[in-house]
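Okay, target-v6.cif is below, mmCIF, C-alpha atoms and all ligand atoms:
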data_data
loop_
_atom_site.group_PDB
_atom_site.id
_atom_site.type_symbol
_atom_site.label_atom_id
_atom_site.label_comp_id
_atom_site.auth_asym_id
_atom_site.auth_seq_id
_atom_site.Cartn_x
_atom_site.Cartn_y
_atom_site.Cartn_z
ATOM 1 C CA MET A 26 14.068 29.073 -10.428
ATOM 2 C CA THR A 27 13.608 27.033 -13.623
ATOM 3 C CA HIS A 28 15.586 23.955 -14.663
ATOM 4 C CA GLU A 29 15.693 22.184 -18.031
ATOM 5 C CA VAL A 30 15.780 18.683 -16.581
ATOM 6 C CA LEU A 31 13.694 17.748 -13.570
ATOM 7 C CA VAL A 32 14.516 14.448 -11.926
ATOM 8 C CA VAL A 33 11.910 12.997 -9.570
ATOM 9 C CA GLY A 34 13.209 10.108 -7.526
ATOM 10 C CA SER A 35 15.105 8.770 -4.565
ATOM 11 C CA ALA A 36 18.285 9.752 -2.803
ATOM 12 C CA ASN A 37 19.997 7.008 -0.789
ATOM 13 C CA ALA A 38 23.213 6.374 1.032
ATOM 14 C CA ASP A 39 24.698 3.250 -0.551
ATOM 15 C CA LEU A 40 26.340 0.894 1.944
ATOM 16 C CA VAL A 41 28.373 -1.318 -0.349
ATOM 17 C CA VAL A 42 30.131 -4.569 0.532
ATOM 18 C CA GLN A 43 32.213 -6.649 -1.898
ATOM 19 C CA ALA A 44 31.667 -10.368 -1.367
ATOM 20 C CA ASP A 45 32.625 -13.554 -3.198
ATOM 21 C CA ARG A 46 28.968 -14.486 -3.321
ATOM 22 C CA ARG A 47 25.592 -13.389 -2.017
ATOM 23 C CA PRO A 48 24.303 -15.007 1.183
ATOM 24 C CA ALA A 49 21.491 -17.504 0.673
ATOM 25 C CA ALA A 50 18.499 -17.500 3.041
ATOM 26 C CA GLY A 51 19.669 -18.290 6.570
ATOM 27 C CA GLU A 52 23.349 -18.056 5.630
ATOM 28 C CA THR A 53 26.106 -15.696 6.808
ATOM 29 C CA VAL A 54 28.858 -14.682 4.374
ATOM 30 C CA LEU A 55 31.883 -12.517 5.234
ATOM 31 C CA GLY A 56 32.631 -9.657 2.842
ATOM 32 C CA GLY A 57 35.040 -6.712 2.562
ATOM 33 C CA ASP A 58 34.957 -3.352 4.342
ATOM 34 C CA THR A 59 31.791 -1.297 3.935
ATOM 35 C CA VAL A 60 32.102 1.613 1.512
ATOM 36 C CA ILE A 61 29.518 4.379 1.936
ATOM 37 C CA SER A 62 28.732 6.409 -1.144
ATOM 38 C CA PRO A 63 25.959 8.628 -2.507
ATOM 39 C CA GLY A 64 23.279 6.790 -4.480
ATOM 40 C CA GLY A 65 19.554 6.427 -5.047
ATOM 41 C CA LYS A 66 18.048 6.124 -8.490
ATOM 42 C CA GLY A 67 16.872 9.734 -8.631
ATOM 43 C CA ALA A 68 20.064 11.284 -7.285
ATOM 44 C CA ASN A 69 22.166 9.050 -9.541
ATOM 45 C CA THR A 70 20.178 10.088 -12.612
ATOM 46 C CA ALA A 71 20.518 13.759 -11.713
ATOM 47 C CA VAL A 72 24.271 13.489 -11.125
ATOM 48 C CA ALA A 73 24.845 11.620 -14.405
ATOM 49 C CA ALA A 74 22.922 14.295 -16.346
ATOM 50 C CA ALA A 75 24.622 17.209 -14.583
ATOM 51 C CA LYS A 76 28.113 15.773 -15.121
ATOM 52 C CA LEU A 77 27.353 15.874 -18.846
ATOM 53 C CA GLY A 78 26.534 19.560 -18.591
ATOM 54 C CA ALA A 79 22.728 19.532 -18.318
ATOM 55 C CA ASP A 80 20.848 22.087 -16.214
ATOM 56 C CA VAL A 81 19.312 19.670 -13.692
ATOM 57 C CA ALA A 82 17.314 19.838 -10.495
ATOM 58 C CA LEU A 83 16.460 16.877 -8.283
ATOM 59 C CA VAL A 84 13.067 16.682 -6.599
ATOM 60 C CA ALA A 85 13.714 14.322 -3.691
ATOM 61 C CA ALA A 86 13.455 13.955 0.081
ATOM 62 C CA ILE A 87 16.291 13.360 2.530
ATOM 63 C CA GLY A 88 16.573 13.226 6.316
ATOM 64 C CA ASP A 89 18.255 15.709 8.617
ATOM 65 C CA ASP A 90 21.258 13.421 9.143
ATOM 66 C CA PRO A 91 24.844 12.829 7.944
ATOM 67 C CA TYR A 92 23.712 10.727 4.956
ATOM 68 C CA GLY A 93 21.427 13.542 3.818
ATOM 69 C CA ALA A 94 24.386 15.926 4.090
ATOM 70 C CA MET A 95 26.596 13.531 2.098
ATOM 71 C CA LEU A 96 23.991 13.365 -0.673
ATOM 72 C CA THR A 97 23.518 17.131 -0.787
ATOM 73 C CA GLU A 98 27.276 17.585 -1.089
ATOM 74 C CA SER A 99 27.552 15.024 -3.888
ATOM 75 C CA LEU A 100 24.662 16.582 -5.810
ATOM 76 C CA ARG A 101 26.087 20.084 -5.506
ATOM 77 C CA GLY A 102 29.565 18.869 -6.391
ATOM 78 C CA ALA A 103 28.209 17.456 -9.647
ATOM 79 C CA GLY A 104 26.328 20.679 -10.411
ATOM 80 C CA VAL A 105 22.795 19.463 -9.602
ATOM 81 C CA HIS A 106 20.468 22.209 -8.319
ATOM 82 C CA THR A 107 19.281 21.284 -4.831
ATOM 83 C CA ASP A 108 16.636 23.972 -4.274
ATOM 84 C CA LEU A 109 13.909 21.321 -4.724
ATOM 85 C CA LEU A 110 15.447 18.901 -2.235
ATOM 86 C CA ARG A 111 13.235 18.549 0.852
ATOM 87 C CA THR A 112 14.468 17.682 4.330
ATOM 88 C CA VAL A 113 11.849 15.629 6.164
ATOM 89 C CA SER A 114 11.536 14.035 9.591
ATOM 90 C CA ARG A 115 12.523 10.495 8.579
ATOM 91 C CA PRO A 116 15.996 9.077 8.067
ATOM 92 C CA THR A 117 17.650 9.389 4.666
ATOM 93 C CA GLY A 118 17.067 6.311 2.517
ATOM 94 C CA ILE A 119 19.712 3.597 2.711
ATOM 95 C CA ALA A 120 20.582 0.954 0.121
ATOM 96 C CA TYR A 121 22.390 -2.179 1.332
ATOM 97 C CA ILE A 122 24.374 -3.371 -1.673
ATOM 98 C CA THR A 123 26.377 -6.540 -2.249
ATOM 99 C CA VAL A 124 28.780 -6.550 -5.210
ATOM 100 C CA THR A 125 30.235 -9.865 -6.408
ATOM 101 C CA PRO A 126 33.475 -10.326 -8.408
ATOM 102 C CA ASP A 127 31.574 -10.397 -11.719
ATOM 103 C CA GLY A 128 30.516 -6.788 -10.996
ATOM 104 C CA GLU A 129 26.862 -7.745 -10.419
ATOM 105 C CA ASN A 130 24.987 -6.255 -7.493
ATOM 106 C CA SER A 131 22.002 -7.047 -5.333
ATOM 107 C CA ILE A 132 20.284 -4.253 -3.468
ATOM 108 C CA LEU A 133 17.941 -3.956 -0.503
ATOM 109 C CA VAL A 134 16.530 -0.452 -0.051
ATOM 110 C CA SER A 135 15.146 1.091 3.138
ATOM 111 C CA PRO A 136 13.341 4.094 1.580
ATOM 112 C CA GLY A 137 12.998 6.225 4.760
ATOM 113 C CA ALA A 138 12.662 9.881 3.720
ATOM 114 C CA ASN A 139 11.976 8.919 0.096
ATOM 115 C CA GLY A 140 8.555 7.724 1.242
ATOM 116 C CA GLU A 141 7.646 11.302 2.135
ATOM 117 C CA LEU A 142 8.067 12.747 -1.368
ATOM 118 C CA GLY A 143 4.635 14.076 -2.309
ATOM 119 C CA PRO A 144 3.058 15.327 -5.536
ATOM 120 C CA ALA A 145 3.043 18.958 -4.424
ATOM 121 C CA HIS A 146 6.833 18.912 -4.375
ATOM 122 C CA VAL A 147 6.885 18.429 -8.144
ATOM 123 C CA VAL A 148 4.112 20.482 -9.690
ATOM 124 C CA ASP A 149 5.525 23.907 -8.822
ATOM 125 C CA ALA A 150 8.851 22.996 -10.410
ATOM 126 C CA LEU A 151 7.601 22.276 -13.916
ATOM 127 C CA THR A 152 7.703 25.810 -15.275
ATOM 128 C CA GLY A 153 10.494 26.118 -17.807
ATOM 129 C CA ALA A 154 11.431 22.420 -17.716
ATOM 130 C CA LYS A 155 12.106 20.576 -20.987
ATOM 131 C CA VAL A 156 12.215 17.008 -19.727
ATOM 132 C CA LEU A 157 10.971 15.269 -16.592
ATOM 133 C CA VAL A 158 12.509 11.918 -15.712
ATOM 134 C CA ALA A 159 11.146 9.813 -12.865
ATOM 135 C CA SER A 160 11.944 6.489 -11.233
ATOM 136 C CA LEU A 161 10.136 4.456 -8.631
ATOM 137 C CA GLU A 162 11.846 4.328 -5.245
ATOM 138 C CA VAL A 163 9.434 7.105 -4.249
ATOM 139 C CA PRO A 164 5.640 6.840 -3.827
ATOM 140 C CA LEU A 165 3.873 5.723 -6.990
ATOM 141 C CA HIS A 166 1.183 8.396 -6.714
ATOM 142 C CA THR A 167 3.882 11.077 -6.662
ATOM 143 C CA VAL A 168 5.419 9.748 -9.870
ATOM 144 C CA GLU A 169 2.040 9.360 -11.564
ATOM 145 C CA SER A 170 0.993 12.856 -10.638
ATOM 146 C CA ALA A 171 4.371 14.262 -11.788
ATOM 147 C CA VAL A 172 4.080 12.542 -15.165
ATOM 148 C CA ALA A 173 0.501 13.769 -15.633
ATOM 149 C CA ALA A 174 1.389 17.339 -14.672
ATOM 150 C CA ALA A 175 4.467 17.349 -16.917
ATOM 151 C CA ALA A 176 2.577 15.965 -19.902
ATOM 152 C CA GLY A 177 -0.169 18.534 -19.320
ATOM 153 C CA ALA A 178 2.423 21.321 -19.260
ATOM 154 C CA GLY A 179 4.065 20.163 -22.501
ATOM 155 C CA VAL A 180 7.181 18.880 -20.712
ATOM 156 C CA ARG A 181 8.697 15.738 -22.254
ATOM 157 C CA THR A 182 8.310 12.720 -19.966
ATOM 158 C CA VAL A 183 10.678 9.812 -19.369
ATOM 159 C CA LEU A 184 9.859 7.058 -16.873
ATOM 160 C CA ASN A 185 12.573 4.674 -15.718
ATOM 161 C CA LEU A 186 10.367 1.832 -14.447
ATOM 162 C CA SER A 187 12.838 0.838 -11.781
ATOM 163 C CA PRO A 188 12.033 -0.791 -9.473
ATOM 164 C CA THR A 189 8.930 -2.165 -11.180
ATOM 165 C CA ALA A 190 5.579 -0.841 -9.980
ATOM 166 C CA LYS A 191 2.026 -1.136 -11.207
ATOM 167 C CA VAL A 192 1.816 2.133 -13.078
ATOM 168 C CA SER A 193 -1.569 2.971 -14.535
ATOM 169 C CA SER A 194 -2.338 2.782 -18.236
ATOM 170 C CA ARG A 195 -3.004 6.517 -18.068
ATOM 171 C CA THR A 196 0.563 7.148 -16.902
ATOM 172 C CA LEU A 197 2.038 4.855 -19.550
ATOM 173 C CA ALA A 198 0.042 6.700 -22.209
ATOM 174 C CA ALA A 199 1.414 10.044 -20.990
ATOM 175 C CA LEU A 200 5.016 8.966 -21.527
ATOM 176 C CA ASP A 201 7.287 10.101 -24.311
ATOM 177 C CA VAL A 202 9.839 7.455 -23.358
ATOM 178 C CA LEU A 203 9.408 4.325 -21.261
ATOM 179 C CA LEU A 204 12.854 3.174 -20.104
ATOM 180 C CA VAL A 205 13.204 -0.409 -18.860
ATOM 181 C CA ASN A 206 15.778 -3.163 -18.642
ATOM 182 C CA GLU A 207 15.045 -6.638 -19.963
ATOM 183 C CA HIS A 208 13.685 -7.904 -16.629
ATOM 184 C CA GLU A 209 11.376 -4.928 -16.266
ATOM 185 C CA ALA A 210 10.193 -5.380 -19.869
ATOM 186 C CA ALA A 211 9.440 -9.053 -19.163
ATOM 187 C CA TRP A 212 7.590 -8.041 -15.987
ATOM 188 C CA LEU A 213 5.415 -5.714 -18.076
ATOM 189 C CA LEU A 214 4.866 -7.971 -21.085
ATOM 190 C CA GLY A 215 5.599 -11.556 -20.057
ATOM 191 C CA SER A 216 8.897 -13.237 -20.858
ATOM 192 C CA ASP A 217 8.215 -14.464 -24.391
ATOM 193 C CA ALA A 218 6.569 -11.322 -25.743
ATOM 194 C CA GLU A 219 8.012 -9.120 -28.503
ATOM 195 C CA LEU A 220 9.584 -6.027 -26.960
ATOM 196 C CA ALA A 221 7.890 -3.853 -29.583
ATOM 197 C CA GLY A 222 4.713 -4.680 -27.620
ATOM 198 C CA LEU A 223 5.858 -2.052 -25.082
ATOM 199 C CA LEU A 224 4.428 0.615 -27.386
ATOM 200 C CA GLU A 225 1.010 -1.007 -27.165
ATOM 201 C CA LEU A 226 1.039 -0.088 -23.465
ATOM 202 C CA GLY A 227 0.860 3.576 -24.465
ATOM 203 C CA PRO A 228 4.264 5.332 -24.539
ATOM 204 C CA ARG A 229 5.361 7.064 -27.738
ATOM 205 C CA ALA A 230 8.726 5.289 -27.580
ATOM 206 C CA ALA A 231 10.522 2.742 -25.448
ATOM 207 C CA VAL A 232 14.174 2.133 -24.684
ATOM 208 C CA VAL A 233 15.212 -1.269 -23.377
ATOM 209 C CA THR A 234 18.660 -1.535 -21.807
ATOM 210 C CA LEU A 235 20.425 -4.836 -22.421
ATOM 211 C CA GLY A 236 23.352 -4.621 -19.982
ATOM 212 C CA ALA A 237 26.682 -5.442 -21.674
ATOM 213 C CA ARG A 238 24.897 -5.802 -25.032
ATOM 214 C CA GLY A 239 23.738 -2.169 -25.211
ATOM 215 C CA ALA A 240 20.143 -1.076 -25.755
ATOM 216 C CA LEU A 241 17.139 -1.164 -28.064
ATOM 217 C CA VAL A 242 15.268 1.934 -29.190
ATOM 218 C CA ILE A 243 11.677 1.124 -30.084
ATOM 219 C CA THR A 244 9.523 3.623 -31.957
ATOM 220 C CA PRO A 245 6.497 3.260 -34.233
ATOM 221 C CA SER A 246 8.925 3.221 -37.199
ATOM 222 C CA GLY A 247 10.837 0.198 -35.901
ATOM 223 C CA THR A 248 13.434 -1.111 -33.477
ATOM 224 C CA THR A 249 17.094 -0.062 -33.545
ATOM 225 C CA GLU A 250 19.770 -2.003 -31.720
ATOM 226 C CA ILE A 251 22.642 -0.024 -30.198
ATOM 227 C CA ALA A 252 25.708 -2.069 -29.302
ATOM 228 C CA SER A 253 27.750 -1.261 -26.223
ATOM 229 C CA PRO A 254 31.521 -0.864 -26.301
ATOM 230 C CA GLU A 255 33.175 -3.908 -24.704
ATOM 231 C CA VAL A 256 34.413 -3.141 -21.216
ATOM 232 C CA GLN A 257 35.591 -4.974 -18.103
ATOM 233 C CA ALA A 258 32.830 -4.497 -15.526
ATOM 234 C CA VAL A 259 33.836 -4.058 -11.904
ATOM 235 C CA ASP A 260 30.544 -2.721 -10.518
ATOM 236 C CA THR A 261 27.249 -2.407 -12.398
ATOM 237 C CA THR A 262 25.548 -0.460 -9.586
ATOM 238 C CA GLY A 263 23.751 2.582 -10.984
ATOM 239 C CA ALA A 264 24.500 1.844 -14.648
ATOM 240 C CA GLY A 265 20.795 2.074 -15.501
ATOM 241 C CA ASP A 266 20.494 5.392 -13.671
ATOM 242 C CA GLY A 267 23.539 6.702 -15.518
ATOM 243 C CA PHE A 268 21.854 5.654 -18.747
ATOM 244 C CA ALA A 269 18.669 7.503 -17.724
ATOM 245 C CA GLY A 270 20.603 10.659 -16.852
ATOM 246 C CA ALA A 271 22.602 10.664 -20.070
ATOM 247 C CA LEU A 272 19.529 9.953 -22.188
ATOM 248 C CA THR A 273 17.575 12.752 -20.562
ATOM 249 C CA ALA A 274 20.431 15.237 -20.752
ATOM 250 C CA ALA A 275 20.771 14.571 -24.474
ATOM 251 C CA LEU A 276 17.007 14.903 -25.063
ATOM 252 C CA ALA A 277 16.941 18.190 -23.159
ATOM 253 C CA GLY A 278 19.826 19.355 -25.336
ATOM 254 C CA GLY A 279 17.708 18.736 -28.448
ATOM 255 C CA ALA A 280 18.975 15.297 -29.533
ATOM 256 C CA GLU A 281 16.686 12.775 -31.199
ATOM 257 C CA LEU A 282 16.005 9.598 -29.232
ATOM 258 C CA GLU A 283 18.406 7.303 -31.092
ATOM 259 C CA PRO A 284 21.530 9.479 -30.774
ATOM 260 C CA ALA A 285 20.543 10.187 -27.182
ATOM 261 C CA ALA A 286 20.431 6.447 -26.504
ATOM 262 C CA ARG A 287 23.825 5.958 -28.228
ATOM 263 C CA ARG A 288 25.349 8.475 -25.833
ATOM 264 C CA ALA A 289 23.596 6.834 -22.876
ATOM 265 C CA VAL A 290 24.975 3.399 -23.817
ATOM 266 C CA ARG A 291 28.522 4.791 -23.724
ATOM 267 C CA VAL A 292 27.924 6.489 -20.364
ATOM 268 C CA ALA A 293 26.585 3.237 -18.870
ATOM 269 C CA ALA A 294 29.570 1.304 -20.285
ATOM 270 C CA ILE A 295 32.044 3.702 -18.684
ATOM 271 C CA SER A 296 30.157 3.641 -15.382
ATOM 272 C CA VAL A 297 30.487 -0.133 -14.926
ATOM 273 C CA THR A 298 34.291 0.105 -15.192
ATOM 274 C CA ARG A 299 34.384 2.147 -11.965
ATOM 275 C CA PRO A 300 33.103 1.375 -8.455
ATOM 276 C CA GLY A 301 29.968 2.974 -7.015
ATOM 277 C CA ALA A 302 27.064 4.767 -8.650
ATOM 278 C CA GLN A 303 27.490 8.561 -8.661
ATOM 279 C CA PRO A 304 31.306 8.448 -8.514
ATOM 280 C CA SER A 305 31.323 6.252 -11.642
ATOM 281 C CA TYR A 306 29.646 8.635 -14.095
ATOM 282 C CA PRO A 307 31.820 10.387 -16.681
ATOM 283 C CA SER A 308 31.996 14.098 -17.406
ATOM 284 C CA ALA A 309 31.408 15.289 -20.979
ATOM 285 C CA ASP A 310 35.211 15.522 -21.424
ATOM 286 C CA GLU A 311 35.730 11.938 -20.237
ATOM 287 C CA LEU A 312 32.964 10.738 -22.562
ATOM 288 C CA ALA A 313 34.324 12.465 -25.667
ATOM 289 C CA PRO A 314 36.957 9.842 -26.630
ATOM 290 C CA TRP A 315 34.485 6.937 -26.310
HETATM 291 O O1 LIG B 401 20.240 1.847 -9.240
HETATM 292 C C1 LIG B 401 21.233 1.846 -8.245
HETATM 293 C C2 LIG B 401 20.708 2.468 -7.015
HETATM 294 O O2 LIG B 401 19.654 1.678 -6.526
HETATM 295 C C3 LIG B 401 21.704 2.534 -5.885
HETATM 296 O O3 LIG B 401 22.456 3.721 -5.887
HETATM 297 C C4 LIG B 401 20.827 2.364 -4.659
HETATM 298 O O4 LIG B 401 20.740 3.499 -3.870
HETATM 299 C C5 LIG B 401 19.464 1.961 -5.171
HETATM 300 O O5 LIG B 401 18.604 3.009 -5.134
#

Same coordinates, now as structure tokens:
Amino acid sequence: MTHEVLVVGSANADLVVQADRRPAAGETVLGGDTVISPGGKGANTAVAAAKLGADVALVAAIGDDPYGAMLTESLRGAGVHTDLLRTVSRPTGIAYITVTPDGENSILVSPGANGELGPAHVVDALTGAKVLVASLEVPLHTVESAVAAAAGAGVRTVLNLSPTAKVSSRTLAALDVLLVNEHEAAWLLGSDAELAGLLELGPRAAVVTLGARGALVITPSGTTEIASPEVQAVDTTGAGDGFAGALTAALAGGAELEPAARRAVRVAAISVTRPGAQPSYPSADELAPW
């Protein structure tokens, strides 16, 4: 079976607690009731793209447990193809998430099954794909091999460098789009460097997300700033993954990078107005008025 968008990345159960503040080292803080919802950077990206109408498959690994079943149901409900989802003999990944009243989150991930995602799971799936998008809660060598195989097969490549990892210069040079937030860009370049320096690392273009301020699109012809609509954030969890999914869906649909990023900025803005990651992404109909 072929799919236009291939997402390579994690699938996690998100265990989310609202709290007035994050605990410091050695401290105990009481929060609200735990809400369990489907997450993981890969699964989130796939769901965001599928909700916008893209033909998407997720290459990921889950455990044979209730969280794996919850994720499979969420993916299918959003229209993501799950034929490339592997069930392995480790527990489904879990993300322990604290959300504070300003909508900001902090996340601790126990990767579990995600650690078993291997390169062979990806290569067979490339036939017929238009865009591959990967993120890094799965083994680095799997992502690097997926990017190399996709580039070799003429499939457009997008890497969401989240969480940061020491990707090789060869991988960076095989990218059509490097997608980072400001912290990840500073991790790559140093905090005072010009963001246009991202292109010197090898990708043909870079997109830097700026949270509530929107995003920058950086190409050899220059840098374009895309402002975000003003919204009241209640939960920023998964906004970057929603951006990645929307960007990739638009690219697979034939959009140029700048309009694709404009659409992705709006999707991310909507997502922060709603709790959770996957449940917060808009459908194409919901996005239309924005
Ligand atoms: O980017 C947000 C995601 O990061 C959450 O859904 C959580 O699972 C972690 O992977």

For this session: Apply the PyMOL selection byres (((not hetatm)) within 6 of (chain B and resi 401)) to the file shown and report the selected residues as a ChimeraX atom specification.
Result: /A:37,39,64-66,120,262-263,266,302

Problem set entry | Gly88 of chain A surroundings by all atoms listed in the file, 7 Å radius, close-in-sequence under 4 positions cut, as a list in words |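 Neighbouring residues, sequence-local ones excluded: Gly93, Thr112, Val113, Ser114, Arg115, Pro116, Thr117 and Ala138 of chain A.
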
Could the residues in this selection be saved with C-alpha atoms as a PDB file, in the coordinates of the input?
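Dumped to selection-v3.pdb:
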ATOM      1  CA  GLY A  93      21.427  13.542   3.818  1.00  0.00           C
ATOM      2  CA  THR A 112      14.468  17.682   4.330  1.00  0.00           C
ATOM      3  CA  VAL A 113      11.849  15.629   6.164  1.00  0.00           C
ATOM      4  CA  SER A 114      11.536  14.035   9.591  1.00  0.00           C
ATOM      5  CA  ARG A 115      12.523  10.495   8.579  1.00  0.00           C
ATOM      6  CA  PRO A 116      15.996   9.077   8.067  1.00  0.00           C
ATOM      7  CA  THR A 117      17.650   9.389   4.666  1.00  0.00           C
ATOM      8  CA  ALA A 138      12.662   9.881   3.720  1.00  0.00           C
TER       9      ALA A 138
END

For this session: Go through A:Ala173, A:Leu224, A:Leu213, A:Leu110 and flag the residue nearest Leu186 of chain A, using only C-alpha atoms for the distances.
Result: A:Leu213

Exercise. Which residue, A:Ala230, A:Leu77, A:Ala150, A:Leu272, has the smallest gap to Leu109 of chain A when you use all atoms listed in the file?
Worked result: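 Counting all atoms listed in the file, the residue closest to Leu109 of chain A is A:Ala150.
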
For Glu162 of chain A, work out the shell of residues within 9 Å, counting all atoms listed in the file and skipping chain neighbours fewer than 5 positions away, then give it as a short mmCIF file (atom, residue, chain, number, x, y, z; two decimals) with C-alpha atoms, in the frame of the given file.
data_model
loop_
_atom_site.label_atom_id
_atom_site.label_comp_id
_atom_site.auth_asym_id
_atom_site.auth_seq_id
_atom_site.Cartn_x
_atom_site.Cartn_y
_atom_site.Cartn_z
CA GLY A 34 13.21 10.11 -7.53
CA SER A 35 15.10 8.77 -4.57
CA ALA A 36 18.28 9.75 -2.80
CA GLY A 65 19.55 6.43 -5.05
CA LYS A 66 18.05 6.12 -8.49
CA GLY A 67 16.87 9.73 -8.63
CA VAL A 134 16.53 -0.45 -0.05
CA PRO A 136 13.34 4.09 1.58
CA ASN A 139 11.98 8.92 0.10
CA GLY A 140 8.56 7.72 1.24
CA SER A 187 12.84 0.84 -11.78
CA PRO A 188 12.03 -0.79 -9.47
#

For this session: Tell me, as a ChimeraX atom specification, which residues lie within 9 Å of Arg111 of chain A, counting all atoms listed in the file; anything in the same chain fewer than 2 positions away does not count.
Result: /A:84-88,107-109,113,142,146

Take the selection from the previous step and output its residues with C-alpha atoms, as a PDB file, in the frame of the given file.
ATOM      1  CA  VAL A  84      13.067  16.682  -6.599  1.00  0.00           C
ATOM      2  CA  ALA A  85      13.714  14.322  -3.691  1.00  0.00           C
ATOM      3  CA  ALA A  86      13.455  13.955   0.081  1.00  0.00           C
ATOM      4  CA  ILE A  87      16.291  13.360   2.530  1.00  0.00           C
ATOM      5  CA  GLY A  88      16.573  13.226   6.316  1.00  0.00           C
ATOM      6  CA  THR A 107      19.281  21.284  -4.831  1.00  0.00           C
ATOM      7  CA  ASP A 108      16.636  23.972  -4.274  1.00  0.00           C
ATOM      8  CA  LEU A 109      13.909  21.321  -4.724  1.00  0.00           C
ATOM      9  CA  VAL A 113      11.849  15.629   6.164  1.00  0.00           C
ATOM     10  CA  LEU A 142       8.067  12.747  -1.368  1.00  0.00           C
ATOM     11  CA  HIS A 146       6.833  18.912  -4.375  1.00  0.00           C
TER      12      HIS A 146
END

For this session: Do a neighbour search on Gly56 of chain A at 8 Å with only C-alpha atoms, toss out local chain neighbours closer than 6 positions, and write the hits as number ranges by chain.
Result: A: 42-45

For this session: Give the answer as one residue: which of A:Val32, A:Ser99, A:Pro245, A:Arg238 has the shortest atom-to-atom distance to Val168 of chain A, using all atoms listed in the file?
Result: A:Val32

Exercise. For the atom pair atom CA of Val147 of chain A and atom CA of Ala171 of chain A, what is the interatomic distance in Å to one decimal place?
Worked result: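 We find that atom CA of Val147 of chain A and atom CA of Ala171 of chain A lie 6.1 Å from each other.
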
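For the choices A:Thr273, A:Thr261, A:Thr123, A:Asn206, the atom-to-atom distance to Gly301 of chain A is smallest for A:Thr261 when using all atoms listed in the file.
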
For this session: For the point (24.4, -9.0, -6.6) in the file's frame, write as a VMD selection string all residues with an atom no more than 12 Å away, counting only C-alpha atoms.
Result: chain A and resid 41 to 49 121 to 133 259 to 262

For this session: Any chance you could resolve the PyMOL selection byres (((chain A and resi 216-220) around 10) and not hetatm) against this file and give the residues as a ChimeraX atom specification?
Result: /A:207-215,221-225,231-233,241,243,248

Problem set entry | Top pick for closest residue to Ser308 of chain A, considering A:Ala38, A:Val105, A:Ala237, A:Val72 and counting only C-alpha atoms |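 For Ser308 of chain A, the nearest of the given residues is A:Val72.
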
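Between Val33 of chain A and the residues A:Ala289, A:Val54, A:Val172, A:Leu96, the shortest atom-to-atom distance, using all atoms listed in the file, involves A:Val172.
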
Problem set entry | Atom pair atom CA of Thr196 of chain A / atom CA of Ala178 of chain A: separation (Å) |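 Computing it gives 14.5 Å between the two atoms.
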
Name the residues that the PyMOL selection byres (((chain A and resi 181) around 10) and not hetatm) picks from the file above, as a CSV table (one decimal) with C-alpha atoms, in the coordinates of the input, using the file's chain letters and numbers.
chain,number,residue,atom,x,y,z
A,30,VAL,CA,15.8,18.7,-16.6
A,154,ALA,CA,11.4,22.4,-17.7
A,155,LYS,CA,12.1,20.6,-21.0
A,156,VAL,CA,12.2,17.0,-19.7
A,157,LEU,CA,11.0,15.3,-16.6
A,158,VAL,CA,12.5,11.9,-15.7
A,172,VAL,CA,4.1,12.5,-15.2
A,175,ALA,CA,4.5,17.3,-16.9
A,176,ALA,CA,2.6,16.0,-19.9
A,177,GLY,CA,-0.2,18.5,-19.3
A,178,ALA,CA,2.4,21.3,-19.3
A,179,GLY,CA,4.1,20.2,-22.5
A,180,VAL,CA,7.2,18.9,-20.7
A,182,THR,CA,8.3,12.7,-20.0
A,183,VAL,CA,10.7,9.8,-19.4
A,199,ALA,CA,1.4,10.0,-21.0
A,200,LEU,CA,5.0,9.0,-21.5
A,201,ASP,CA,7.3,10.1,-24.3
A,202,VAL,CA,9.8,7.5,-23.4
A,273,THR,CA,17.6,12.8,-20.6
A,276,LEU,CA,17.0,14.9,-25.1
A,277,ALA,CA,16.9,18.2,-23.2

Exercise. Expressed in Å to a single decimal, how great is the separation between atom CA of Gly270 of chain A and atom CA of Ala73 of chain A?
Worked result: 5.0 Å

Centre, edges in Å (one decimal): axis-aligned box, segment 110-115 of chain A, 4 Å padding on all six sides, as AutoDock Vina command-line options:
--center_x 13.5 --center_y 14.7 --center_z 3.7 --size_x 11.9 --size_y 16.4 --size_z 19.8

As a PDB file, in the coordinates of the input, the rebuilt segment 291-295 of chain A with N, CA, C and O atoms:
ATOM      1  N   ARG A 291      27.097   4.586 -24.002  1.00  0.00           N
ATOM      2  CA  ARG A 291      28.522   4.791 -23.724  1.00  0.00           C
ATOM      3  C   ARG A 291      28.723   5.210 -22.263  1.00  0.00           C
ATOM      4  O   ARG A 291      29.661   4.769 -21.601  1.00  0.00           O
ATOM      5  N   VAL A 292      27.816   6.058 -21.772  1.00  0.00           N
ATOM      6  CA  VAL A 292      27.924   6.489 -20.364  1.00  0.00           C
ATOM      7  C   VAL A 292      27.769   5.276 -19.435  1.00  0.00           C
ATOM      8  O   VAL A 292      28.540   5.096 -18.477  1.00  0.00           O
ATOM      9  N   ALA A 293      26.797   4.421 -19.720  1.00  0.00           N
ATOM     10  CA  ALA A 293      26.585   3.237 -18.870  1.00  0.00           C
ATOM     11  C   ALA A 293      27.805   2.314 -18.936  1.00  0.00           C
ATOM     12  O   ALA A 293      28.232   1.752 -17.924  1.00  0.00           O
ATOM     13  N   ALA A 294      28.392   2.179 -20.137  1.00  0.00           N
ATOM     14  CA  ALA A 294      29.570   1.304 -20.285  1.00  0.00           C
ATOM     15  C   ALA A 294      30.743   1.831 -19.456  1.00  0.00           C
ATOM     16  O   ALA A 294      31.431   1.061 -18.772  1.00  0.00           O
ATOM     17  N   ILE A 295      30.953   3.132 -19.491  1.00  0.00           N
ATOM     18  CA  ILE A 295      32.044   3.702 -18.684  1.00  0.00           C
ATOM     19  C   ILE A 295      31.753   3.487 -17.201  1.00  0.00           C
ATOM     20  O   ILE A 295      32.632   3.115 -16.418  1.00  0.00           O
TER      21      ILE A 295
END
